[in-house]
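The next block is coords_6.txt, given as compact mmCIF, C-alpha atoms and all ligand atoms.
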# COMPACT_ATOMS: atom_id res chain seq x y z
CA MET A 162 92.85 85.35 138.52
CA ASN A 163 92.05 87.06 141.81
CA PRO A 164 93.49 84.71 144.51
CA GLY A 165 90.32 84.96 146.61
CA HIS A 166 88.08 84.08 143.65
CA ARG A 167 86.02 80.96 144.14
CA PRO A 168 84.88 79.80 140.71
CA ARG A 169 81.31 78.66 140.41
CA VAL A 170 80.92 75.06 139.29
CA PHE A 171 77.88 72.89 138.67
CA VAL A 172 77.88 69.14 139.27
CA THR A 173 75.03 67.13 137.76
CA HIS A 174 75.20 64.22 140.18
CA SER A 175 75.86 64.12 143.93
CA MET A 176 77.95 60.92 143.78
CA ALA A 177 76.38 60.13 147.16
CA GLY A 178 76.12 56.37 146.58
CA LEU A 179 79.80 56.10 145.71
CA ALA A 180 80.73 58.39 148.63
CA ARG A 181 78.87 56.08 151.02
CA MET A 182 80.59 53.00 149.63
CA VAL A 183 84.09 54.41 149.94
CA ASP A 184 83.42 56.52 153.01
CA ARG A 185 84.76 59.63 151.31
CA ASP A 186 83.12 62.38 149.26
CA PRO A 187 84.84 62.60 145.85
CA LEU A 188 83.40 66.11 145.51
CA ALA A 189 85.12 67.37 148.71
CA PRO A 190 87.94 69.19 146.80
CA LEU A 191 85.30 71.12 144.88
CA HIS A 192 83.51 72.17 148.06
CA GLU A 193 86.85 73.39 149.46
CA ARG A 194 88.01 75.38 146.43
CA THR A 195 84.91 76.46 144.53
CA GLU A 196 81.32 77.68 144.83
CA CYS A 197 80.02 74.24 144.11
CA VAL A 198 76.38 73.64 143.28
CA VAL A 199 75.35 70.00 143.18
CA TRP A 200 72.12 69.04 141.45
CA PRO A 201 69.90 67.88 144.31
CA GLY A 202 67.71 65.34 142.52
CA PRO A 203 68.24 61.61 142.61
CA LEU A 204 68.12 61.76 138.80
CA GLN A 205 70.26 64.08 136.75
CA PRO A 206 68.81 67.35 135.42
CA GLU A 207 66.60 67.38 132.34
CA PRO A 208 68.10 69.30 129.38
CA ARG A 209 66.34 72.58 130.26
CA ALA A 210 67.36 72.39 133.91
CA LEU A 211 70.93 71.58 132.87
CA ARG A 212 71.00 74.58 130.55
CA GLU A 213 69.72 76.87 133.29
CA ALA A 214 72.02 75.48 135.97
CA ALA A 215 75.10 75.80 133.77
CA THR A 216 74.34 79.37 132.68
CA ASP A 217 76.55 81.19 135.17
CA CYS A 218 79.15 78.46 135.79
CA GLU A 219 82.83 78.38 134.97
CA GLY A 220 82.99 74.63 135.32
CA LEU A 221 80.55 71.80 134.66
CA LEU A 222 81.05 68.25 135.94
CA CYS A 223 78.81 65.76 134.17
CA LEU A 224 78.22 62.08 133.59
CA LEU A 225 77.88 60.32 130.25
CA THR A 226 74.09 60.44 130.68
CA ASP A 227 74.03 64.26 130.55
CA ARG A 228 73.60 65.72 127.08
CA VAL A 229 75.91 68.68 126.94
CA ASP A 230 74.85 69.98 123.54
CA GLY A 231 75.33 73.23 121.68
CA ASP A 232 72.37 74.79 123.55
CA VAL A 233 73.88 74.11 126.97
CA ILE A 234 77.30 75.31 125.83
CA GLY A 235 75.85 78.35 124.08
CA ALA A 236 73.90 79.39 127.20
CA ALA A 237 76.86 78.97 129.55
CA ARG A 238 78.68 82.18 128.75
CA SER A 239 81.27 81.89 131.56
CA LEU A 240 82.05 78.21 130.98
CA ARG A 241 85.77 77.36 130.79
CA VAL A 242 85.77 73.61 131.35
CA ILE A 243 83.43 70.66 130.99
CA SER A 244 84.69 67.64 132.89
CA SER A 245 83.00 64.33 132.21
CA CYS A 246 83.27 61.37 134.53
CA SER A 247 83.70 59.07 131.53
CA VAL A 248 86.17 58.16 128.84
CA GLY A 249 83.56 58.58 126.11
CA VAL A 250 82.67 62.17 125.24
CA ASP A 251 80.02 61.48 122.59
CA HIS A 252 77.39 63.08 124.88
CA ILE A 253 79.23 66.41 124.62
CA ASP A 254 79.27 68.70 121.59
CA VAL A 255 83.06 68.87 121.63
CA ALA A 256 83.17 70.98 118.45
CA ALA A 257 80.91 73.61 120.05
CA ALA A 258 83.07 73.57 123.19
CA THR A 259 86.26 73.93 121.15
CA ALA A 260 84.80 76.81 119.16
CA ARG A 261 84.27 78.62 122.48
CA GLY A 262 87.71 77.71 123.82
CA ILE A 263 86.18 75.44 126.48
CA ARG A 264 88.29 72.49 127.54
CA VAL A 265 86.67 69.05 127.75
CA GLY A 266 88.07 66.80 130.47
CA PHE A 267 87.57 63.03 130.39
CA THR A 268 88.81 59.95 132.24
CA PRO A 269 90.84 57.64 130.00
CA GLY A 270 93.29 55.14 131.44
CA VAL A 271 91.69 54.63 134.81
CA LEU A 272 88.92 52.35 133.51
CA THR A 273 90.87 50.40 130.90
CA GLU A 274 91.47 47.17 132.81
CA THR A 275 88.03 47.08 134.42
CA THR A 276 86.30 47.50 131.07
CA ALA A 277 88.53 44.85 129.52
CA ASP A 278 87.52 42.52 132.38
CA LEU A 279 83.86 43.01 131.49
CA ALA A 280 84.48 42.50 127.77
CA PHE A 281 86.15 39.22 128.63
CA ALA A 282 83.35 38.27 131.02
CA LEU A 283 80.85 38.85 128.20
CA LEU A 284 82.96 36.83 125.75
CA LEU A 285 82.91 33.93 128.20
CA ALA A 286 79.29 34.34 129.27
CA ALA A 287 77.99 34.55 125.70
CA SER A 288 80.14 31.74 124.33
CA ARG A 289 79.59 29.33 127.23
CA ARG A 290 75.90 30.25 127.71
CA ILE A 291 76.43 31.07 131.38
CA VAL A 292 73.25 33.11 131.83
CA GLU A 293 71.05 30.53 130.09
CA ALA A 294 72.60 27.76 132.19
CA ASP A 295 72.12 29.74 135.40
CA GLY A 296 68.47 30.26 134.43
CA ALA A 297 68.03 26.53 133.93
CA VAL A 298 69.36 25.75 137.42
CA ARG A 299 67.20 28.39 139.06
CA SER A 300 64.03 27.46 137.20
CA GLY A 301 64.23 23.79 138.23
CA ALA A 302 65.04 22.59 134.71
CA TRP A 303 68.11 20.76 136.05
CA THR A 304 66.30 17.53 136.89
CA PRO A 305 67.63 14.04 137.71
CA ASP A 306 66.93 12.85 134.16
CA ARG A 307 69.03 15.75 132.88
CA ARG A 308 71.77 15.46 135.45
CA TRP A 309 74.56 15.53 132.88
CA GLN A 310 73.69 15.65 129.23
CA LEU A 311 76.30 14.98 126.62
CA ASP A 312 74.74 17.64 124.42
CA GLY A 313 73.55 20.03 127.15
CA PHE A 314 74.42 23.75 126.92
CA LEU A 315 77.06 23.26 124.29
CA GLY A 316 78.95 26.46 123.61
CA ARG A 317 82.09 27.64 121.90
CA ASP A 318 85.70 27.45 123.06
CA LEU A 319 87.57 30.69 123.54
CA HIS A 320 90.90 28.96 123.85
CA ALA A 321 92.72 28.35 120.59
CA SER A 322 90.18 30.37 118.59
CA THR A 323 90.52 33.75 116.88
CA LEU A 324 89.52 37.05 118.43
CA GLY A 325 88.97 40.12 116.27
CA LEU A 326 89.37 43.49 117.96
CA VAL A 327 87.55 46.36 116.27
CA GLY A 328 89.65 49.30 117.44
CA LEU A 329 93.12 48.97 118.92
CA GLY A 330 93.12 51.54 121.71
CA PRO A 331 94.04 50.87 125.34
CA ILE A 332 90.90 48.84 126.18
CA ALA A 333 91.31 46.64 123.10
CA GLN A 334 94.96 46.13 124.05
CA ALA A 335 93.95 45.12 127.57
CA VAL A 336 91.49 42.61 126.09
CA ALA A 337 94.29 41.33 123.83
CA SER A 338 96.53 40.65 126.82
CA ARG A 339 93.77 38.59 128.43
CA ALA A 340 93.17 36.75 125.14
CA HIS A 341 96.85 35.88 124.87
CA GLY A 342 96.47 34.06 128.18
CA PHE A 343 93.70 32.00 126.57
CA GLY A 344 95.93 31.05 123.67
CA MET A 345 93.84 32.99 121.18
CA ARG A 346 95.04 34.25 117.83
CA ILE A 347 94.30 37.96 117.66
CA LEU A 348 93.33 40.06 114.67
CA GLY A 349 92.91 43.81 115.03
CA TRP A 350 91.50 46.62 112.95
CA SER A 351 92.02 50.31 113.45
CA ARG A 352 91.98 53.34 111.17
CA SER A 353 95.50 54.20 112.32
CA PRO A 354 98.45 51.80 112.17
CA HIS A 355 99.42 50.07 115.42
CA ARG A 356 102.32 47.72 116.05
CA LEU A 357 101.18 45.53 118.87
CA PRO A 358 102.95 42.30 119.76
CA GLY A 359 100.79 39.30 119.03
CA VAL A 360 98.12 41.29 117.16
CA GLU A 361 97.85 40.99 113.36
CA GLN A 362 96.47 44.24 112.02
CA VAL A 363 94.09 43.56 109.11
CA GLU A 364 91.29 45.25 107.16
CA LEU A 365 87.86 45.20 108.77
CA ASP A 366 86.49 42.75 106.18
CA ALA A 367 89.31 40.30 106.85
CA LEU A 368 88.78 40.66 110.59
CA LEU A 369 85.05 39.95 110.31
CA ALA A 370 85.58 36.97 108.04
CA GLY A 371 88.47 35.56 110.04
CA SER A 372 87.34 35.91 113.66
CA ASP A 373 85.39 33.48 115.84
CA PHE A 374 84.86 36.30 118.35
CA VAL A 375 84.55 40.00 117.57
CA SER A 376 84.90 42.58 120.33
CA VAL A 377 84.13 46.25 119.64
CA HIS A 378 86.40 48.95 121.10
CA VAL A 379 86.08 52.10 119.02
CA ALA A 380 84.74 55.42 120.27
CA LEU A 381 81.39 56.58 118.91
CA ALA A 382 81.90 59.24 116.27
CA GLU A 383 80.39 60.09 112.90
CA GLU A 384 82.76 57.63 111.18
CA THR A 385 82.01 54.74 113.53
CA HIS A 386 78.24 55.16 113.85
CA GLY A 387 76.68 51.95 112.46
CA LEU A 388 80.14 50.55 111.63
CA ILE A 389 78.90 47.01 112.36
CA ASP A 390 75.82 47.04 110.13
CA ALA A 391 73.87 44.52 108.03
CA ASP A 392 76.67 44.52 105.51
CA ALA A 393 79.22 43.68 108.22
CA PHE A 394 76.98 40.86 109.48
CA ALA A 395 76.82 39.49 105.94
CA ARG A 396 80.62 39.29 105.99
CA ILE A 397 81.10 38.06 109.56
CA ARG A 398 82.26 34.48 110.03
CA PRO A 399 79.16 32.25 110.40
CA GLY A 400 78.68 31.34 114.06
CA ALA A 401 80.80 34.23 115.38
CA VAL A 402 80.18 35.73 118.81
CA LEU A 403 79.96 39.53 119.09
CA VAL A 404 80.72 41.60 122.18
CA ASN A 405 80.22 45.35 122.52
CA THR A 406 81.39 47.30 125.58
CA SER A 407 82.01 50.55 123.72
CA ARG A 408 78.90 52.42 122.55
CA GLY A 409 75.60 51.05 121.29
CA GLY A 410 75.50 53.28 118.21
CA ILE A 411 78.46 51.45 116.68
CA VAL A 412 76.42 48.27 116.11
CA ASP A 413 73.19 48.34 114.11
CA GLU A 414 70.93 46.63 116.64
CA LEU A 415 68.23 45.52 114.22
CA ALA A 416 70.83 44.02 111.92
CA LEU A 417 72.35 42.25 114.93
CA VAL A 418 68.95 40.87 115.95
CA ALA A 419 68.47 39.50 112.42
CA ALA A 420 71.93 37.92 112.52
CA LEU A 421 71.25 36.38 115.94
CA ARG A 422 67.90 35.02 114.78
CA SER A 423 69.35 33.49 111.64
CA GLY A 424 72.31 32.01 113.52
CA ARG A 425 74.80 33.96 111.41
CA VAL A 426 75.92 35.35 114.77
CA ALA A 427 75.76 32.57 117.35
CA ALA A 428 75.63 34.80 120.42
CA ALA A 429 76.30 38.32 121.64
CA GLY A 430 77.32 40.01 124.86
CA LEU A 431 76.18 43.61 125.01
CA ASP A 432 76.86 46.21 127.68
CA VAL A 433 75.86 49.23 125.59
CA PHE A 434 72.84 50.01 123.44
CA ALA A 435 71.64 52.56 120.92
CA THR A 436 69.06 53.70 123.49
CA GLU A 437 69.79 53.35 127.20
CA PRO A 438 68.11 52.06 129.21
CA LEU A 439 67.19 49.35 126.72
CA PRO A 440 63.52 49.93 125.74
CA ALA A 441 61.10 47.31 127.05
CA ASP A 442 60.09 46.44 123.49
CA SER A 443 63.64 45.81 122.28
CA PRO A 444 63.74 42.52 120.33
CA LEU A 445 67.05 41.78 122.05
CA LEU A 446 65.11 41.01 125.22
CA GLY A 447 63.39 38.07 123.56
CA LEU A 448 66.61 36.32 122.51
CA ASP A 449 68.25 33.57 124.58
CA ASN A 450 71.57 33.87 122.79
CA VAL A 451 72.32 37.36 124.10
CA VAL A 452 73.81 38.39 127.43
CA LEU A 453 72.73 41.90 128.37
CA THR A 454 74.29 44.14 131.01
CA PRO A 455 73.31 47.74 131.82
CA HIS A 456 76.42 49.71 130.78
CA ILE A 457 78.58 48.45 133.64
CA GLY A 458 81.94 48.24 131.84
CA SER A 459 83.72 50.45 134.36
CA ALA A 460 81.59 49.45 137.35
CA SER A 461 84.04 48.38 140.02
CA THR A 462 84.19 50.47 143.18
CA ALA A 463 87.88 51.24 142.79
CA THR A 464 87.53 52.27 139.15
CA ARG A 465 84.45 54.42 139.65
CA LEU A 466 86.27 56.21 142.48
CA ARG A 467 89.30 56.79 140.24
CA MET A 468 87.00 58.15 137.53
CA ALA A 469 85.25 60.49 139.97
CA ASP A 470 88.58 61.70 141.40
CA LEU A 471 89.99 62.33 137.94
CA ALA A 472 86.85 64.17 136.81
CA VAL A 473 87.10 66.40 139.90
CA GLU A 474 90.83 66.94 139.30
CA ASN A 475 90.19 67.91 135.66
CA LEU A 476 87.40 70.28 136.65
CA LEU A 477 89.49 71.99 139.31
CA ALA A 478 92.44 72.35 136.95
CA GLY A 479 90.16 73.88 134.32
CA VAL A 480 88.57 76.49 136.58
CA LEU A 481 91.91 77.33 138.24
CA GLY A 482 93.55 77.88 134.84
CA ARG A 483 95.91 74.88 134.99
CA PRO A 484 96.47 72.17 132.37
CA LEU A 485 94.00 69.30 132.60
CA ARG A 486 95.44 65.86 133.22
CA ASP A 487 93.22 64.49 130.44
CA CYS A 488 91.73 66.86 127.92
CA ALA A 489 89.76 65.44 124.96
CA ASN A 490 90.10 68.56 122.77
CA ASP A 491 93.69 69.63 123.56
CA ALA A 492 94.87 69.24 119.96
CA GLU A 493 91.82 71.02 118.51
CA LEU A 494 92.20 73.90 120.96
CA ALA A 495 95.89 74.21 120.16
CA ALA A 496 95.10 74.29 116.42
CA ARG A 497 92.58 77.15 116.74
C1 LIG B 1 82.82 55.63 129.71
O1 LIG B 1 83.46 56.12 130.66
O2 LIG B 1 82.66 56.23 128.65
C2 LIG B 1 82.28 54.28 129.89
O3 LIG B 1 81.32 53.96 128.94
C3 LIG B 1 81.74 54.11 131.30
O4 LIG B 1 81.70 52.76 131.58
Please express the file's structure as structure tokens.
Ligand code: DGY
Amino acid sequence: MNPGHRPRVFVTHSMAGLARMVDRDPLAPLHERTECVVWPGPLQPEPRALREAATDCEGLLCLLTDRVDGDVIGAARSLRVISSCSVGVDHIDVAAATARGIRVGFTPGVLTETTADLAFALLLAASRRIVEADGAVRSGAWTPDRRWQLDGFLGRDLHASTLGLVGLGPIAQAVASRAHGFGMRILGWSRSPHRLPGVEQVELDALLAGSDFVSVHVALAEETHGLIDADAFARIRPGAVLVNTSRGGIVDELALVAALRSGRVAAAGLDVFATEPLPADSPLLGLDNVVLTPHIGSASTATRLRMADLAVENLLAGVLGRPLRDCANDAELAAR
């Protein structure tokens, strides 16, 4: 590459809010080394605008809310790298990128502990009815005649119960280490064998039937779409609590609503949904036994900064012809 060449890159989000919070612009290295175009809007570009903006770029930095589909990739004839500020890459047509020899950067590792923290927060909040109880205090329902009720806000114990981990990747393992501290027995299911201390690897059916708490930690792919469906809820231990911090598409939401209504599932903690933001007419909104958060698994300042820095690092490496620190399609590209 010509040493004076400044590759053109397109960034779909200014990261201004994060920059203000940390008093540093995560995009600064891109401004120094590339012809960097940052989408100016407060919202990210619509699909057509994204396609047009990416047309003459060598690098594209996106968020998980950008759909980088075959059309975008097909139109971007000079594209060499797509770098997502996320660990999930289900918003990117990775097969189309691979077919064109385009590397796909992502941000694993840096958000593992923070996401595990949220999964655990949801396990606790859903099982101990924290949000419902908070609502009761705020609404004035905590009255002198209900000062301390023997049967008030009864929930489920995490300690000494069984946690089932669907998926045994790094985030599931980080949840397992927290669960060990709570004295939980841990069952785990994964398509590939794992030998993890203190985790009994079992079939999915055995996990569902044997767990008081089920936490979902698989990536969204064709094989995992709808993995926790009506059939799974028919096999889940009655009164189980379900937590999902992975991707909404893995759990069949209508089947979950039915299970929550019938009491088959006692409670759920959900950070991710089939459609985000959650539509105003979602039946989940009418249920008291669900804790809902708006896809904030990785939302600590330190972690979001690490994700932004890594996404920038991956993008720069890609346009400068160096290996990416984290490339989601390395193996597929090597096998071409
Ligand atoms: C990711 O990076 O894929 C997470 O969902 C963000 O929290």
Given 6 Å and only C-alpha atoms and all ligand atoms, residues near ligand LIG 1 (chain B) as a list in words: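 These are the residues that qualify: Ser247, Val248, Gly249, Ile457, Gly458 and Ser459 of chain A.
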Surrounding residues of region 232-239 of chain A excluding itself and chain neighbours under 4 positions, 10 Å, only C-alpha atoms, as a PyMOL selection string: chain A and resi 169+208-221+228+243+253-255+257-258+261+263
Nearby residues (all atoms listed in the file) at most 7 Å from Gly328 (chain A), same-chain spacing under 2 positions excluded, as a PyMOL selection string: chain A and resi 326+330+333+349-351+377-379
Straight-line distance linking CA of Gly430 (chain A) with CA of Ser288 (chain A), stated in Å to one decimal: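 Taking CA of Gly430 (chain A) and CA of Ser288 (chain A), their separation equals 8.8 Å.
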Non-local contacts of Arg356 (chain A) (10 Å; all atoms listed in the file; under 5 positions in same chain excluded) as a list of chain:residue names: A:Leu329, A:Glu361, A:Gln362
Separation of CA of Val292 (chain A) from CA of Asp318 (chain A), in Å and rounded to one decimal: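 Pair CA of Val292 (chain A) / CA of Asp318 (chain A) returns 16.2 Å.
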Within-10 Å shell of (79.3, 50.0, 120.0) in input frame, all atoms listed in the file, as number ranges by chain: A: 327, 376-381, 385-389, 404-414, 431-435
Closest of A:His166, A:Arg241, A:Arg185, A:Arg290 to Leu476 (chain A) - atom-to-atom distances counting all atoms listed in the file: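 Under the stated criterion, the closest residue is A:Arg241.
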Distance query Ala489 (chain A) at most 8 Å, only C-alpha atoms, self and fewer than 4 positions along chain excluded, as number ranges by chain: A: 250, 264-267
Would you export the selected residues with C-alpha atoms as a PDB file, keeping the file's coordinate frame, please?
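Final output, part.pdb:
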ATOM      1  CA  VAL A 250      82.670  62.170 125.240  1.00  0.00           C
ATOM      2  CA  ARG A 264      88.290  72.490 127.540  1.00  0.00           C
ATOM      3  CA  VAL A 265      86.670  69.050 127.750  1.00  0.00           C
ATOM      4  CA  GLY A 266      88.070  66.800 130.470  1.00  0.00           C
ATOM      5  CA  PHE A 267      87.570  63.030 130.390  1.00  0.00           C
TER       6      PHE A 267
END
Atom pair CA of Asp390 (chain A) / CA of Arg425 (chain A): separation (Å):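 So the answer is 13.2 Å.
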Residues near Thr259 (chain A), cut-off 8 Å, all atoms listed in the file, skip fewer than 5 positions along chain, as a PyMOL selection string: chain A and resi 264+490+493-494
Minimum-distance residue to Leu285 (chain A), chosen among A:Ala429, A:Leu272, A:Arg352, A:Pro484 (using all atoms listed in the file): A:Ala429
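Proximity to Gly482 (chain A) was assessed for A:Val242, A:Leu283, A:Ala256, A:Ala496 counting all atoms listed in the file; the smallest distance is recorded for A:Val242.
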Pick from A:Leu477, A:Leu485, A:Leu448, A:Ala492 nearest to Leu191 (chain A), counting only C-alpha atoms: A:Leu477
Of the listed residues A:Ile397, A:Leu225, A:Leu179, A:Leu439, that which approaches Thr454 (chain A) most closely, counting all atoms listed in the file: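 Ranking A:Ile397, A:Leu225, A:Leu179, A:Leu439 by distance to Thr454 (chain A), first place goes to A:Leu439.
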Option closest in space to Arg317 (chain A), from A:Gly400, A:Pro331, A:Gly479, A:Pro455 [counting all atoms listed in the file]: A:Gly400
All heavy atoms modelled onto region 381-391 of chain A, as a PDB file, in the frame of the given file:
ATOM      1  N   LEU A 381      82.498  56.195 119.794  1.00  0.00           N
ATOM      2  CA  LEU A 381      81.390  56.580 118.910  1.00  0.00           C
ATOM      3  C   LEU A 381      81.668  57.947 118.309  1.00  0.00           C
ATOM      4  O   LEU A 381      81.874  58.925 119.031  1.00  0.00           O
ATOM      5  CB  LEU A 381      80.071  56.583 119.684  1.00  0.00           C
ATOM      6  CG  LEU A 381      78.836  56.969 118.876  1.00  0.00           C
ATOM      7  CD1 LEU A 381      78.602  56.009 117.715  1.00  0.00           C
ATOM      8  CD2 LEU A 381      77.598  57.008 119.767  1.00  0.00           C
ATOM      9  N   ALA A 382      81.706  57.992 116.990  1.00  0.00           N
ATOM     10  CA  ALA A 382      81.900  59.240 116.270  1.00  0.00           C
ATOM     11  C   ALA A 382      81.148  59.091 114.944  1.00  0.00           C
ATOM     12  O   ALA A 382      80.631  58.010 114.657  1.00  0.00           O
ATOM     13  CB  ALA A 382      83.391  59.484 116.013  1.00  0.00           C
ATOM     14  N   GLU A 383      81.117  60.159 114.170  1.00  0.00           N
ATOM     15  CA  GLU A 383      80.390  60.090 112.900  1.00  0.00           C
ATOM     16  C   GLU A 383      80.877  58.895 112.057  1.00  0.00           C
ATOM     17  O   GLU A 383      80.076  58.163 111.479  1.00  0.00           O
ATOM     18  CB  GLU A 383      80.649  61.374 112.132  1.00  0.00           C
ATOM     19  CG  GLU A 383      79.380  62.004 111.595  1.00  0.00           C
ATOM     20  CD  GLU A 383      79.686  63.386 111.098  1.00  0.00           C
ATOM     21  OE1 GLU A 383      79.653  64.308 111.946  1.00  0.00           O
ATOM     22  OE2 GLU A 383      79.984  63.533 109.906  1.00  0.00           O
ATOM     23  N   GLU A 384      82.197  58.675 112.045  1.00  0.00           N
ATOM     24  CA  GLU A 384      82.760  57.630 111.180  1.00  0.00           C
ATOM     25  C   GLU A 384      82.495  56.227 111.716  1.00  0.00           C
ATOM     26  O   GLU A 384      82.625  55.256 110.970  1.00  0.00           O
ATOM     27  CB  GLU A 384      84.286  57.761 111.033  1.00  0.00           C
ATOM     28  CG  GLU A 384      84.873  59.142 110.890  1.00  0.00           C
ATOM     29  CD  GLU A 384      84.959  59.869 112.224  1.00  0.00           C
ATOM     30  OE1 GLU A 384      85.818  59.545 113.049  1.00  0.00           O
ATOM     31  OE2 GLU A 384      84.125  60.794 112.418  1.00  0.00           O
ATOM     32  N   THR A 385      82.191  56.098 112.994  1.00  0.00           N
ATOM     33  CA  THR A 385      82.010  54.740 113.530  1.00  0.00           C
ATOM     34  C   THR A 385      80.532  54.421 113.778  1.00  0.00           C
ATOM     35  O   THR A 385      80.192  53.290 114.114  1.00  0.00           O
ATOM     36  CB  THR A 385      82.773  54.571 114.868  1.00  0.00           C
ATOM     37  OG1 THR A 385      82.318  55.572 115.787  1.00  0.00           O
ATOM     38  CG2 THR A 385      84.269  54.678 114.666  1.00  0.00           C
ATOM     39  N   HIS A 386      79.664  55.410 113.624  1.00  0.00           N
ATOM     40  CA  HIS A 386      78.240  55.160 113.850  1.00  0.00           C
ATOM     41  C   HIS A 386      77.752  54.109 112.848  1.00  0.00           C
ATOM     42  O   HIS A 386      77.937  54.252 111.649  1.00  0.00           O
ATOM     43  CB  HIS A 386      77.450  56.468 113.690  1.00  0.00           C
ATOM     44  CG  HIS A 386      76.030  56.319 114.130  1.00  0.00           C
ATOM     45  ND1 HIS A 386      75.028  55.967 113.263  1.00  0.00           N
ATOM     46  CD2 HIS A 386      75.471  56.412 115.356  1.00  0.00           C
ATOM     47  CE1 HIS A 386      73.899  55.860 113.939  1.00  0.00           C
ATOM     48  NE2 HIS A 386      74.143  56.134 115.211  1.00  0.00           N
ATOM     49  N   GLY A 387      77.180  53.006 113.353  1.00  0.00           N
ATOM     50  CA  GLY A 387      76.680  51.950 112.460  1.00  0.00           C
ATOM     51  C   GLY A 387      77.793  51.201 111.736  1.00  0.00           C
ATOM     52  O   GLY A 387      77.548  50.569 110.704  1.00  0.00           O
ATOM     53  N   LEU A 388      79.001  51.230 112.279  1.00  0.00           N
ATOM     54  CA  LEU A 388      80.140  50.550 111.630  1.00  0.00           C
ATOM     55  C   LEU A 388      79.850  49.055 111.442  1.00  0.00           C
ATOM     56  O   LEU A 388      80.167  48.452 110.423  1.00  0.00           O
ATOM     57  CB  LEU A 388      81.387  50.741 112.502  1.00  0.00           C
ATOM     58  CG  LEU A 388      82.686  50.121 112.027  1.00  0.00           C
ATOM     59  CD1 LEU A 388      83.208  50.852 110.800  1.00  0.00           C
ATOM     60  CD2 LEU A 388      83.757  50.174 113.130  1.00  0.00           C
ATOM     61  N   ILE A 389      79.243  48.438 112.463  1.00  0.00           N
ATOM     62  CA  ILE A 389      78.900  47.010 112.360  1.00  0.00           C
ATOM     63  C   ILE A 389      77.421  46.953 111.963  1.00  0.00           C
ATOM     64  O   ILE A 389      76.526  46.932 112.815  1.00  0.00           O
ATOM     65  CB  ILE A 389      79.186  46.265 113.684  1.00  0.00           C
ATOM     66  CG1 ILE A 389      80.615  46.550 114.176  1.00  0.00           C
ATOM     67  CG2 ILE A 389      78.951  44.762 113.519  1.00  0.00           C
ATOM     68  CD1 ILE A 389      81.732  46.066 113.261  1.00  0.00           C
ATOM     69  N   ASP A 390      77.192  46.967 110.661  1.00  0.00           N
ATOM     70  CA  ASP A 390      75.820  47.040 110.130  1.00  0.00           C
ATOM     71  C   ASP A 390      75.463  45.734 109.414  1.00  0.00           C
ATOM     72  O   ASP A 390      76.209  44.750 109.488  1.00  0.00           O
ATOM     73  CB  ASP A 390      75.699  48.249 109.192  1.00  0.00           C
ATOM     74  CG  ASP A 390      76.708  48.177 108.043  1.00  0.00           C
ATOM     75  OD1 ASP A 390      77.437  47.169 107.939  1.00  0.00           O
ATOM     76  OD2 ASP A 390      76.763  49.139 107.253  1.00  0.00           O
ATOM     77  N   ALA A 391      74.335  45.747 108.698  1.00  0.00           N
ATOM     78  CA  ALA A 391      73.870  44.520 108.030  1.00  0.00           C
ATOM     79  C   ALA A 391      74.946  43.980 107.078  1.00  0.00           C
ATOM     80  O   ALA A 391      75.152  42.763 106.980  1.00  0.00           O
ATOM     81  CB  ALA A 391      72.585  44.824 107.269  1.00  0.00           C
TER      82      ALA A 391
END
